[in-house]
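K.L.:
This is the content of start_13.tsv (TSV, C-alpha atoms):
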```tsv
chain	number	residue	atom	x	y	z
L	1	MET	CA	-0.45	-21.60	-4.98
L	2	LYS	CA	2.44	-20.89	-7.33
L	3	LYS	CA	5.99	-20.81	-6.09
L	4	LEU	CA	6.73	-17.22	-5.29
L	5	LEU	CA	10.02	-15.38	-5.37
L	6	LEU	CA	8.85	-12.95	-2.71
L	7	THR	CA	6.11	-14.71	-0.73
L	8	PHE	CA	6.72	-14.02	2.90
L	9	LEU	CA	5.22	-14.63	6.31
L	10	ILE	CA	5.89	-13.78	9.96
L	11	PHE	CA	3.69	-14.87	12.87
L	12	VAL	CA	3.73	-12.11	15.46
L	13	LEU	CA	1.22	-11.03	18.09
L	14	LEU	CA	2.30	-7.65	19.33
L	15	VAL	CA	1.73	-5.83	22.57
L	16	GLY	CA	3.06	-2.58	23.99
L	17	CYS	CA	4.60	0.36	22.24
L	18	LYS	CA	7.69	2.46	22.90
L	19	GLU	CA	9.16	5.47	21.18
L	20	ASN	CA	12.74	5.09	20.02
L	21	GLU	CA	15.22	7.93	20.24
L	22	GLU	CA	15.62	8.11	16.45
L	23	ASN	CA	13.50	10.67	14.59
L	24	PHE	CA	13.02	11.21	10.88
L	25	GLY	CA	12.40	14.90	10.45
L	26	ASN	CA	10.74	17.24	12.90
L	27	SER	CA	7.30	15.61	12.60
L	28	SER	CA	8.38	11.98	12.14
L	29	HIS	CA	8.97	9.56	14.98
L	30	GLU	CA	10.02	5.94	15.02
L	31	PHE	CA	8.13	3.52	17.26
L	32	SER	CA	8.18	-0.21	17.88
L	33	LEU	CA	5.73	-2.85	18.96
L	34	THR	CA	7.30	-5.67	20.94
L	35	HIS	CA	6.13	-9.25	21.52
L	36	ASN	CA	8.24	-12.02	23.02
L	37	GLY	CA	11.38	-10.01	22.44
L	38	ILE	CA	10.60	-9.34	18.74
L	39	ASN	CA	10.41	-5.67	17.77
L	40	ARG	CA	8.46	-4.41	14.78
L	41	GLU	CA	9.25	-0.82	13.96
L	42	PHE	CA	7.22	1.82	12.17
L	43	LEU	CA	7.80	5.45	11.24
L	44	VAL	CA	4.94	7.90	11.78
L	45	PHE	CA	4.75	11.31	10.12
L	46	THR	CA	2.13	13.72	11.46
L	47	PRO	CA	1.30	16.93	9.57
L	48	SER	CA	1.72	20.25	11.34
L	49	THR	CA	-2.06	20.65	11.23
L	50	TYR	CA	-2.56	17.59	13.42
L	51	ASN	CA	-5.04	18.27	16.21
L	52	SER	CA	-6.44	15.49	18.38
L	53	ALA	CA	-9.82	17.22	18.32
L	54	TYR	CA	-10.20	16.03	14.72
L	55	GLU	CA	-9.91	12.63	13.05
L	56	PHE	CA	-7.16	12.30	10.44
L	57	PRO	CA	-6.85	9.86	7.51
L	58	VAL	CA	-3.98	7.35	7.59
L	59	VAL	CA	-1.81	6.12	4.71
L	60	LEU	CA	0.28	2.98	5.28
L	61	ASN	CA	3.19	2.86	2.82
L	62	PHE	CA	5.06	-0.47	2.59
L	63	HIS	CA	8.68	-0.77	1.43
L	64	GLY	CA	9.93	-3.41	-0.98
L	65	PHE	CA	11.89	-6.58	-0.32
L	66	GLY	CA	15.03	-5.83	1.68
L	67	GLY	CA	13.94	-2.25	2.42
L	68	THR	CA	14.21	-0.17	5.56
L	69	ILE	CA	11.75	2.48	6.69
L	70	ASN	CA	14.25	5.35	6.80
L	71	ASP	CA	15.68	4.67	3.34
L	72	TYR	CA	12.22	4.06	1.90
L	73	ALA	CA	10.82	7.25	3.42
L	74	LEU	CA	13.44	9.11	1.37
L	75	TYR	CA	13.03	6.99	-1.77
L	76	ALA	CA	9.23	7.02	-1.88
L	77	SER	CA	8.73	10.25	0.01
L	78	MET	CA	5.12	11.20	0.64
L	79	GLN	CA	5.80	13.53	3.57
L	80	THR	CA	5.24	16.67	1.52
L	81	ILE	CA	1.81	15.60	0.29
L	82	ALA	CA	0.93	14.35	3.80
L	83	GLU	CA	1.78	17.79	5.15
L	84	THR	CA	-0.11	19.61	2.41
L	85	GLU	CA	-3.23	17.45	2.48
L	86	GLY	CA	-3.26	16.69	6.20
L	87	PHE	CA	-3.02	12.94	6.68
L	88	ILE	CA	-0.94	10.71	8.95
L	89	LEU	CA	1.71	8.81	7.00
L	90	VAL	CA	3.05	5.52	8.36
L	91	TYR	CA	6.00	3.48	7.08
L	92	PRO	CA	5.93	0.02	8.73
L	93	GLN	CA	9.11	-2.06	8.82
L	94	GLY	CA	9.05	-5.59	7.47
L	95	SER	CA	10.72	-8.26	9.59
L	96	LEU	CA	13.74	-10.34	8.63
L	97	MET	CA	13.74	-13.58	6.72
L	98	ASN	CA	17.17	-15.02	5.92
L	99	GLY	CA	18.64	-11.61	6.66
L	100	TYR	CA	16.30	-9.62	4.42
L	101	SER	CA	13.27	-7.57	5.40
L	102	HIS	CA	10.06	-8.71	3.77
L	103	TRP	CA	6.26	-8.64	3.82
L	104	ASN	CA	3.86	-11.54	3.76
L	105	PRO	CA	0.99	-10.91	1.36
L	106	SER	CA	-0.87	-14.16	2.04
L	107	LEU	CA	-2.08	-16.47	4.79
L	108	PRO	CA	0.07	-19.26	6.30
L	109	GLY	CA	0.37	-22.35	4.14
L	110	PRO	CA	2.78	-25.04	2.95
L	111	THR	CA	4.16	-22.92	0.07
L	112	ASN	CA	5.10	-19.98	2.27
L	113	LYS	CA	8.76	-19.30	2.97
L	114	SER	CA	8.18	-18.48	6.65
L	115	ASN	CA	5.47	-19.26	9.16
L	116	ALA	CA	4.29	-15.97	10.64
L	117	ASP	CA	1.50	-13.42	10.16
L	118	ASP	CA	2.19	-9.87	8.96
L	119	PHE	CA	-1.54	-9.22	8.74
L	120	GLY	CA	-1.63	-9.58	12.53
L	121	PHE	CA	1.15	-7.01	12.87
L	122	ILE	CA	-0.73	-4.47	10.75
L	123	GLU	CA	-3.99	-5.08	12.58
L	124	VAL	CA	-2.30	-4.39	15.93
L	125	LEU	CA	-0.39	-1.46	14.43
L	126	ILE	CA	-3.67	0.15	13.36
L	127	GLN	CA	-5.06	-0.41	16.83
L	128	GLN	CA	-1.97	1.22	18.32
L	129	LEU	CA	-2.34	4.20	15.99
L	130	SER	CA	-5.96	4.49	17.07
L	131	ASP	CA	-4.87	4.52	20.71
L	132	ASP	CA	-2.09	7.08	20.21
L	133	TYR	CA	-3.61	9.39	17.60
L	134	SER	CA	-6.99	10.69	16.53
L	135	ILE	CA	-7.51	8.77	13.29
L	136	ASP	CA	-10.45	8.28	10.97
L	137	SER	CA	-10.99	4.51	10.92
L	138	GLU	CA	-13.03	4.85	7.71
L	139	LYS	CA	-10.09	6.46	5.88
L	140	ILE	CA	-7.18	4.05	6.29
L	141	TYR	CA	-5.35	3.36	3.02
L	142	ALA	CA	-2.53	1.00	2.00
L	143	CYS	CA	0.06	1.48	-0.71
L	144	GLY	CA	3.48	0.07	-1.38
L	145	TYR	CA	6.35	-0.61	-3.74
L	146	SER	CA	7.15	-4.08	-5.13
L	147	ASN	CA	6.73	-6.54	-2.21
L	148	GLY	CA	5.00	-3.66	-0.43
L	149	GLY	CA	2.49	-3.47	-3.28
L	150	MET	CA	1.86	-7.18	-2.75
L	151	MET	CA	1.23	-6.45	0.93
L	152	SER	CA	-1.31	-3.79	0.00
L	153	PHE	CA	-3.20	-6.28	-2.15
L	154	GLY	CA	-2.96	-8.83	0.67
L	155	LEU	CA	-4.60	-6.36	3.05
L	156	ALA	CA	-7.29	-5.62	0.44
L	157	ASN	CA	-8.17	-9.30	0.29
L	158	HIS	CA	-7.68	-10.37	3.90
L	159	LYS	CA	-8.18	-7.23	6.04
L	160	SER	CA	-10.69	-5.26	3.99
L	161	ASN	CA	-12.60	-4.43	7.16
L	162	LEU	CA	-9.69	-2.08	7.96
L	163	ILE	CA	-8.73	-0.73	4.53
L	164	ALA	CA	-10.64	1.78	2.39
L	165	ALA	CA	-8.50	1.65	-0.79
L	166	VAL	CA	-5.16	0.31	-2.02
L	167	ALA	CA	-2.43	1.25	-4.49
L	168	SER	CA	0.47	-0.79	-5.87
L	169	VAL	CA	3.64	0.55	-7.49
L	170	SER	CA	5.60	-2.12	-9.38
L	171	GLY	CA	3.84	-4.79	-7.34
L	172	ALA	CA	1.61	-7.81	-7.95
L	173	MET	CA	-1.38	-9.50	-6.37
L	174	LEU	CA	-0.80	-13.05	-5.23
L	175	GLU	CA	-3.39	-15.72	-5.84
L	176	THR	CA	-5.97	-16.05	-3.08
L	177	ASP	CA	-9.37	-17.60	-2.51
L	178	ASN	CA	-10.31	-14.71	-0.22
L	179	THR	CA	-12.08	-11.56	-1.36
L	180	PRO	CA	-12.87	-8.23	0.33
L	181	ASN	CA	-16.13	-7.72	2.21
L	182	HIS	CA	-16.76	-4.37	0.49
L	183	PRO	CA	-16.04	-2.80	-2.94
L	184	MET	CA	-12.34	-1.99	-3.07
L	185	PRO	CA	-10.89	0.96	-5.02
L	186	VAL	CA	-7.61	-0.14	-6.64
L	187	LEU	CA	-4.80	1.81	-8.31
L	188	MET	CA	-1.87	0.16	-10.10
L	189	ILE	CA	1.25	1.93	-11.41
L	190	HIS	CA	3.53	-0.39	-13.35
L	191	GLY	CA	6.25	-0.29	-16.03
L	192	THR	CA	6.18	-2.42	-19.14
L	193	SER	CA	9.92	-3.18	-18.85
L	194	ASP	CA	9.83	-4.33	-15.22
L	195	GLY	CA	12.36	-7.16	-15.04
L	196	VAL	CA	11.44	-8.27	-11.49
L	197	ILE	CA	7.65	-8.40	-11.66
L	198	PRO	CA	6.94	-8.47	-15.40
L	199	TYR	CA	4.03	-6.45	-16.71
L	200	ILE	CA	2.79	-9.46	-18.68
L	201	GLY	CA	3.30	-11.82	-15.74
L	202	ASN	CA	5.27	-15.07	-15.53
L	203	ASN	CA	5.15	-18.40	-13.70
L	204	ASP	CA	5.32	-16.63	-10.35
L	205	TYR	CA	3.20	-13.52	-10.84
L	206	THR	CA	-0.05	-12.71	-12.56
L	207	SER	CA	-0.04	-10.01	-15.22
L	208	VAL	CA	-1.08	-6.44	-14.52
L	209	GLU	CA	-4.01	-6.79	-16.91
L	210	SER	CA	-5.32	-9.92	-15.19
L	211	THR	CA	-5.13	-8.19	-11.80
L	212	LEU	CA	-6.99	-5.17	-13.14
L	213	SER	CA	-9.58	-7.52	-14.65
L	214	PHE	CA	-10.07	-9.25	-11.29
L	215	TRP	CA	-10.82	-5.96	-9.57
L	216	ARG	CA	-13.01	-4.66	-12.39
L	217	ASN	CA	-15.11	-7.80	-12.15
L	218	PHE	CA	-15.19	-7.78	-8.36
L	219	ASN	CA	-16.26	-4.14	-8.23
L	220	SER	CA	-18.57	-4.36	-11.29
L	221	THR	CA	-17.04	-1.30	-12.92
L	222	ASP	CA	-17.54	-0.07	-16.46
L	223	SER	CA	-15.84	-2.35	-18.99
L	224	ILE	CA	-14.71	0.57	-21.18
L	225	PRO	CA	-12.30	2.96	-19.43
L	226	ASN	CA	-11.81	6.66	-19.54
L	227	SER	CA	-8.30	6.98	-20.93
L	228	ASN	CA	-5.53	9.45	-21.64
L	229	SER	CA	-1.91	9.32	-22.81
L	230	ILE	CA	0.91	11.78	-22.21
L	231	THR	CA	4.68	11.93	-22.53
L	232	SER	CA	6.54	13.07	-19.43
L	233	GLY	CA	10.27	13.03	-18.77
L	234	GLY	CA	10.84	10.82	-21.77
L	235	ASN	CA	8.22	8.30	-20.60
L	236	SER	CA	5.00	7.54	-22.38
L	237	ILE	CA	2.28	7.17	-19.73
L	238	GLU	CA	-1.08	5.61	-20.48
L	239	TYR	CA	-3.84	6.22	-17.96
L	240	LYS	CA	-7.07	4.21	-17.71
L	241	SER	CA	-9.92	4.58	-15.23
L	242	TYR	CA	-12.71	2.03	-14.97
L	243	SER	CA	-15.46	3.87	-13.12
L	244	ASN	CA	-18.99	3.43	-11.75
L	245	GLY	CA	-18.29	0.33	-9.71
L	246	ASN	CA	-20.32	-0.75	-6.71
L	247	ASN	CA	-20.47	2.07	-4.13
L	248	GLY	CA	-19.00	4.33	-6.80
L	249	VAL	CA	-15.48	2.83	-6.69
L	250	SER	CA	-13.09	2.76	-9.62
L	251	VAL	CA	-10.11	0.71	-10.79
L	252	GLU	CA	-7.33	2.89	-12.20
L	253	HIS	CA	-4.00	2.23	-13.90
L	254	TYR	CA	-0.95	4.18	-14.98
L	255	LYS	CA	1.00	2.16	-17.56
L	256	ILE	CA	4.58	3.42	-17.78
L	257	ASN	CA	5.86	2.37	-21.20
L	258	GLN	CA	9.48	1.18	-20.97
L	259	GLY	CA	9.35	1.78	-17.21
L	260	GLY	CA	11.41	-0.51	-14.98
L	261	HIS	CA	11.04	-1.87	-11.45
L	262	GLU	CA	10.89	1.31	-9.38
L	263	TRP	CA	8.90	3.86	-7.44
L	264	PHE	CA	8.54	6.13	-10.45
L	265	ASN	CA	9.95	9.63	-10.62
L	266	LEU	CA	7.21	10.88	-12.90
L	267	SER	CA	4.91	13.81	-13.44
L	268	TYR	CA	1.37	13.29	-14.66
L	269	ASN	CA	-0.65	16.49	-14.92
L	270	GLY	CA	1.86	18.00	-12.51
L	271	LEU	CA	1.52	15.24	-9.91
L	272	ASN	CA	4.25	12.81	-8.83
L	273	THR	CA	3.69	9.18	-7.81
L	274	GLY	CA	2.82	9.91	-4.19
L	275	GLU	CA	0.50	12.74	-5.17
L	276	LEU	CA	-1.29	10.55	-7.71
L	277	ILE	CA	-1.81	7.93	-5.02
L	278	TRP	CA	-3.26	10.45	-2.57
L	279	GLU	CA	-5.47	12.00	-5.28
L	280	PHE	CA	-6.91	8.50	-5.78
L	281	PHE	CA	-7.24	7.64	-2.08
L	282	SER	CA	-8.86	10.93	-1.13
L	283	LYS	CA	-11.92	10.16	-3.25
L	284	TYR	CA	-12.90	7.22	-1.04
L	285	ASP	CA	-13.65	6.06	2.44
L	286	ILE	CA	-14.43	2.50	3.49
L	287	HIS	CA	-18.01	2.91	2.23
L	288	GLY	CA	-16.90	3.83	-1.28
L	289	LEU	CA	-16.96	7.13	-3.19
L	290	ARG	CA	-17.21	10.09	-0.84
L	291	GLU	CA	-20.01	12.56	-1.45
```
Mind turning the file's structure into structure tokens?

P.N.:
Amino acid sequence: MKKLLLTFLIFVLLVGCKENEENFGNSSHEFSLTHNGINREFLVFTPSTYNSAYEFPVVLNFHGFGGTINDYALYASMQTIAETEGFILVYPQGSLMNGYSHWNPSLPGPTNKSNADDFGFIEVLIQQLSDDYSIDSEKIYACGYSNGGMMSFGLANHKSNLIAAVASVSGAMLETDNTPNHPMPVLMIHGTSDGVIPYIGNNDYTSVESTLSFWRNFNSTDSIPNSNSITSGGNSIEYKSYSNGNNGVSVEHYKINQGGHEWFNLSYNGLNTGELIWEFFSKYDIHGLRE
């Protein structure tokens, strides 16, 4: 595996759950899972329509390198769309490595910068959510920004039994020999002027186009996309959708010309970044395109 600027790993098996005193908004609560004195925090937003008599979808949204859940919940806010559309929104907190929070998007190995397992944390987190809330286990989605986008791809490859679809904003997929056990809907939003994770790739990261090609091939989608281009807020946005994959899944991409390394403040057909992600997720469950 290539040397990676942001390849991260934590080995944690987590038991127990406690609610902290800090809240983020009236419907958001911060929790932690603790194992051997190590706390892993996560912020849960429940819509006002939540009723335990019904099963609700779940969106996991992962912050970037060095991020915190409270800052990221403001920066990449999806609470409004979660309230409107009625899904449970979860912001997990990455653990520290050399003083910086991070996510591990790959399995343990000699090239990793730490020797732990974030996949284990997310697996136990999902189990805890299932215990505490009424969730639809066939509608659990993962998205994230930068290193969080890497984590979403890592879950797609290594924990596909838990994840119905993924989205990456200014992120990259790390090399892996593992593949999902079901067709995986994938959305990528990326800027052509990203100076951290270059659109065309570099020695550390694969290009956006090669990642899209991987998922098109894996899902057996159409080779020719449906496409559209608009100008919004001074940005030229190119949209491509490769449809008709196995189980009806698609691979979709918003190319932000001259866009940098960010969670984009954009409007495409009246939808912002979080709304575009939910519009994509809501088409699928773990079996593929919903009828």

K.L.:
By how many Å are CA of Val90 (chain L) and CA of Leu43 (chain L) apart?

P.N.:
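Calculated distance between CA of Val90 (chain L) and CA of Leu43 (chain L) is 5.6 Å.
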
K.L.:
Have a look at L:Ser52, L:Asn203, L:Thr179, L:Asn112 and name the one nearest to Asp132 (chain L); count all atoms listed in the file.

P.N.:
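Ranked by minimum distance to Asp132 (chain L), first place goes to L:Ser52.
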
K.L.:
Which of these residues is nearest to Val124 (chain L), using all atoms listed in the file: L:Leu212, L:Ala142, L:Gly149, L:Arg40?

P.N.:
L:Arg40

K.L.:
List as a PDB file with C-alpha atoms, keeping the file's coordinate frame: which residues have an atom within 9 Å of (0.2, 11.7, 7.0), counting only C-alpha atoms?

P.N.:
```pdb
ATOM      1  CA  VAL L  44       4.940   7.900  11.780  1.00  0.00           C
ATOM      2  CA  PHE L  45       4.750  11.310  10.120  1.00  0.00           C
ATOM      3  CA  THR L  46       2.130  13.720  11.460  1.00  0.00           C
ATOM      4  CA  PRO L  47       1.300  16.930   9.570  1.00  0.00           C
ATOM      5  CA  PHE L  56      -7.160  12.300  10.440  1.00  0.00           C
ATOM      6  CA  PRO L  57      -6.850   9.860   7.510  1.00  0.00           C
ATOM      7  CA  VAL L  58      -3.980   7.350   7.590  1.00  0.00           C
ATOM      8  CA  VAL L  59      -1.810   6.120   4.710  1.00  0.00           C
ATOM      9  CA  LEU L  60       0.280   2.980   5.280  1.00  0.00           C
ATOM     10  CA  MET L  78       5.120  11.200   0.640  1.00  0.00           C
ATOM     11  CA  GLN L  79       5.800  13.530   3.570  1.00  0.00           C
ATOM     12  CA  THR L  80       5.240  16.670   1.520  1.00  0.00           C
ATOM     13  CA  ILE L  81       1.810  15.600   0.290  1.00  0.00           C
ATOM     14  CA  ALA L  82       0.930  14.350   3.800  1.00  0.00           C
ATOM     15  CA  GLU L  83       1.780  17.790   5.150  1.00  0.00           C
ATOM     16  CA  GLU L  85      -3.230  17.450   2.480  1.00  0.00           C
ATOM     17  CA  GLY L  86      -3.260  16.690   6.200  1.00  0.00           C
ATOM     18  CA  PHE L  87      -3.020  12.940   6.680  1.00  0.00           C
ATOM     19  CA  ILE L  88      -0.940  10.710   8.950  1.00  0.00           C
ATOM     20  CA  LEU L  89       1.710   8.810   7.000  1.00  0.00           C
ATOM     21  CA  VAL L  90       3.050   5.520   8.360  1.00  0.00           C
TER      22      VAL L  90
END
```

K.L.:
Met150 (chain L): which residues within 7 Å, counting all atoms listed in the file, same-chain residues fewer than 2 positions away excluded, as JSON, numbers by chain?

P.N.:
{"L": [105, 146, 147, 148, 152, 153, 154, 171, 172, 173, 174]}

K.L.:
Quick one: distance from CA of Leu125 (chain L) to CA of Asn178 (chain L) in Å, one decimal?

P.N.:
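Atom-to-atom, CA of Leu125 (chain L) to CA of Asn178 (chain L), that is 22.1 Å.
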
K.L.:
Hey, can you check how far CA of Ser223 (chain L) sits from CA of Ile189 (chain L)?

P.N.:
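Atom-to-atom, CA of Ser223 (chain L) to CA of Ile189 (chain L), that is 19.2 Å.
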
K.L.:
Find the residues around Ile286 (chain L) up to 9 Å (all atoms listed in the file counted), leave out those fewer than 4 positions away in its own chain, and share them as number ranges by chain.

P.N.:
L: 137-140, 160-165, 182-184

K.L.:
May I ask you to restore N, CA, C and O atoms in region 111-131 of chain L and write the result as a PDB file, keeping the file's coordinate frame?

P.N.:
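Contents of out.pdb, as written:
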```
ATOM      1  N   THR L 111       3.269 -23.513   1.068  1.00  0.00           N
ATOM      2  CA  THR L 111       4.160 -22.920   0.070  1.00  0.00           C
ATOM      3  C   THR L 111       4.830 -21.648   0.554  1.00  0.00           C
ATOM      4  O   THR L 111       5.648 -21.078  -0.158  1.00  0.00           O
ATOM      5  N   ASN L 112       4.492 -21.200   1.761  1.00  0.00           N
ATOM      6  CA  ASN L 112       5.100 -19.980   2.270  1.00  0.00           C
ATOM      7  C   ASN L 112       6.546 -20.225   2.708  1.00  0.00           C
ATOM      8  O   ASN L 112       6.902 -21.320   3.133  1.00  0.00           O
ATOM      9  N   LYS L 113       7.345 -19.169   2.641  1.00  0.00           N
ATOM     10  CA  LYS L 113       8.760 -19.300   2.970  1.00  0.00           C
ATOM     11  C   LYS L 113       9.060 -19.048   4.440  1.00  0.00           C
ATOM     12  O   LYS L 113      10.170 -19.227   4.878  1.00  0.00           O
ATOM     13  N   SER L 114       8.066 -18.590   5.206  1.00  0.00           N
ATOM     14  CA  SER L 114       8.180 -18.480   6.650  1.00  0.00           C
ATOM     15  C   SER L 114       6.803 -18.706   7.248  1.00  0.00           C
ATOM     16  O   SER L 114       5.818 -18.800   6.524  1.00  0.00           O
ATOM     17  N   ASN L 115       6.732 -18.840   8.537  1.00  0.00           N
ATOM     18  CA  ASN L 115       5.470 -19.260   9.160  1.00  0.00           C
ATOM     19  C   ASN L 115       4.995 -18.261  10.202  1.00  0.00           C
ATOM     20  O   ASN L 115       4.835 -18.577  11.367  1.00  0.00           O
ATOM     21  N   ALA L 116       4.773 -17.023   9.754  1.00  0.00           N
ATOM     22  CA  ALA L 116       4.290 -15.970  10.640  1.00  0.00           C
ATOM     23  C   ALA L 116       3.186 -15.174   9.952  1.00  0.00           C
ATOM     24  O   ALA L 116       2.821 -15.457   8.828  1.00  0.00           O
ATOM     25  N   ASP L 117       2.684 -14.129  10.638  1.00  0.00           N
ATOM     26  CA  ASP L 117       1.500 -13.420  10.160  1.00  0.00           C
ATOM     27  C   ASP L 117       1.693 -11.915  10.184  1.00  0.00           C
ATOM     28  O   ASP L 117       1.510 -11.275  11.207  1.00  0.00           O
ATOM     29  N   ASP L 118       2.048 -11.323   9.040  1.00  0.00           N
ATOM     30  CA  ASP L 118       2.190  -9.870   8.960  1.00  0.00           C
ATOM     31  C   ASP L 118       0.855  -9.158   9.020  1.00  0.00           C
ATOM     32  O   ASP L 118       0.789  -7.999   9.417  1.00  0.00           O
ATOM     33  N   PHE L 119      -0.216  -9.839   8.618  1.00  0.00           N
ATOM     34  CA  PHE L 119      -1.540  -9.220   8.740  1.00  0.00           C
ATOM     35  C   PHE L 119      -1.841  -8.914  10.209  1.00  0.00           C
ATOM     36  O   PHE L 119      -2.446  -7.891  10.538  1.00  0.00           O
ATOM     37  N   GLY L 120      -1.433  -9.818  11.098  1.00  0.00           N
ATOM     38  CA  GLY L 120      -1.630  -9.580  12.530  1.00  0.00           C
ATOM     39  C   GLY L 120      -0.867  -8.362  13.004  1.00  0.00           C
ATOM     40  O   GLY L 120      -1.368  -7.588  13.823  1.00  0.00           O
ATOM     41  N   PHE L 121       0.358  -8.184  12.509  1.00  0.00           N
ATOM     42  CA  PHE L 121       1.150  -7.010  12.870  1.00  0.00           C
ATOM     43  C   PHE L 121       0.428  -5.723  12.454  1.00  0.00           C
ATOM     44  O   PHE L 121       0.305  -4.781  13.251  1.00  0.00           O
ATOM     45  N   ILE L 122      -0.079  -5.690  11.236  1.00  0.00           N
ATOM     46  CA  ILE L 122      -0.730  -4.470  10.750  1.00  0.00           C
ATOM     47  C   ILE L 122      -2.032  -4.223  11.498  1.00  0.00           C
ATOM     48  O   ILE L 122      -2.372  -3.068  11.820  1.00  0.00           O
ATOM     49  N   GLU L 123      -2.755  -5.259  11.824  1.00  0.00           N
ATOM     50  CA  GLU L 123      -3.990  -5.080  12.580  1.00  0.00           C
ATOM     51  C   GLU L 123      -3.697  -4.453  13.941  1.00  0.00           C
ATOM     52  O   GLU L 123      -4.392  -3.524  14.380  1.00  0.00           O
ATOM     53  N   VAL L 124      -2.660  -4.945  14.630  1.00  0.00           N
ATOM     54  CA  VAL L 124      -2.300  -4.390  15.930  1.00  0.00           C
ATOM     55  C   VAL L 124      -1.690  -2.993  15.769  1.00  0.00           C
ATOM     56  O   VAL L 124      -1.910  -2.106  16.603  1.00  0.00           O
ATOM     57  N   LEU L 125      -0.944  -2.783  14.694  1.00  0.00           N
ATOM     58  CA  LEU L 125      -0.390  -1.460  14.430  1.00  0.00           C
ATOM     59  C   LEU L 125      -1.507  -0.425  14.274  1.00  0.00           C
ATOM     60  O   LEU L 125      -1.436   0.676  14.850  1.00  0.00           O
ATOM     61  N   ILE L 126      -2.546  -0.771  13.529  1.00  0.00           N
ATOM     62  CA  ILE L 126      -3.670   0.150  13.360  1.00  0.00           C
ATOM     63  C   ILE L 126      -4.351   0.417  14.692  1.00  0.00           C
ATOM     64  O   ILE L 126      -4.723   1.555  15.002  1.00  0.00           O
ATOM     65  N   GLN L 127      -4.484  -0.612  15.506  1.00  0.00           N
ATOM     66  CA  GLN L 127      -5.060  -0.410  16.830  1.00  0.00           C
ATOM     67  C   GLN L 127      -4.194   0.519  17.669  1.00  0.00           C
ATOM     68  O   GLN L 127      -4.697   1.388  18.386  1.00  0.00           O
ATOM     69  N   GLN L 128      -2.870   0.354  17.568  1.00  0.00           N
ATOM     70  CA  GLN L 128      -1.970   1.220  18.320  1.00  0.00           C
ATOM     71  C   GLN L 128      -2.063   2.672  17.835  1.00  0.00           C
ATOM     72  O   GLN L 128      -2.066   3.612  18.643  1.00  0.00           O
ATOM     73  N   LEU L 129      -2.162   2.852  16.519  1.00  0.00           N
ATOM     74  CA  LEU L 129      -2.340   4.200  15.990  1.00  0.00           C
ATOM     75  C   LEU L 129      -3.633   4.824  16.496  1.00  0.00           C
ATOM     76  O   LEU L 129      -3.678   6.014  16.831  1.00  0.00           O
ATOM     77  N   SER L 130      -4.676   4.007  16.573  1.00  0.00           N
ATOM     78  CA  SER L 130      -5.960   4.490  17.070  1.00  0.00           C
ATOM     79  C   SER L 130      -5.865   4.900  18.536  1.00  0.00           C
ATOM     80  O   SER L 130      -6.514   5.864  18.965  1.00  0.00           O
ATOM     81  N   ASP L 131      -5.046   4.188  19.301  1.00  0.00           N
ATOM     82  CA  ASP L 131      -4.870   4.520  20.710  1.00  0.00           C
ATOM     83  C   ASP L 131      -4.044   5.801  20.895  1.00  0.00           C
ATOM     84  O   ASP L 131      -4.305   6.596  21.818  1.00  0.00           O
TER      85      ASP L 131
END
```
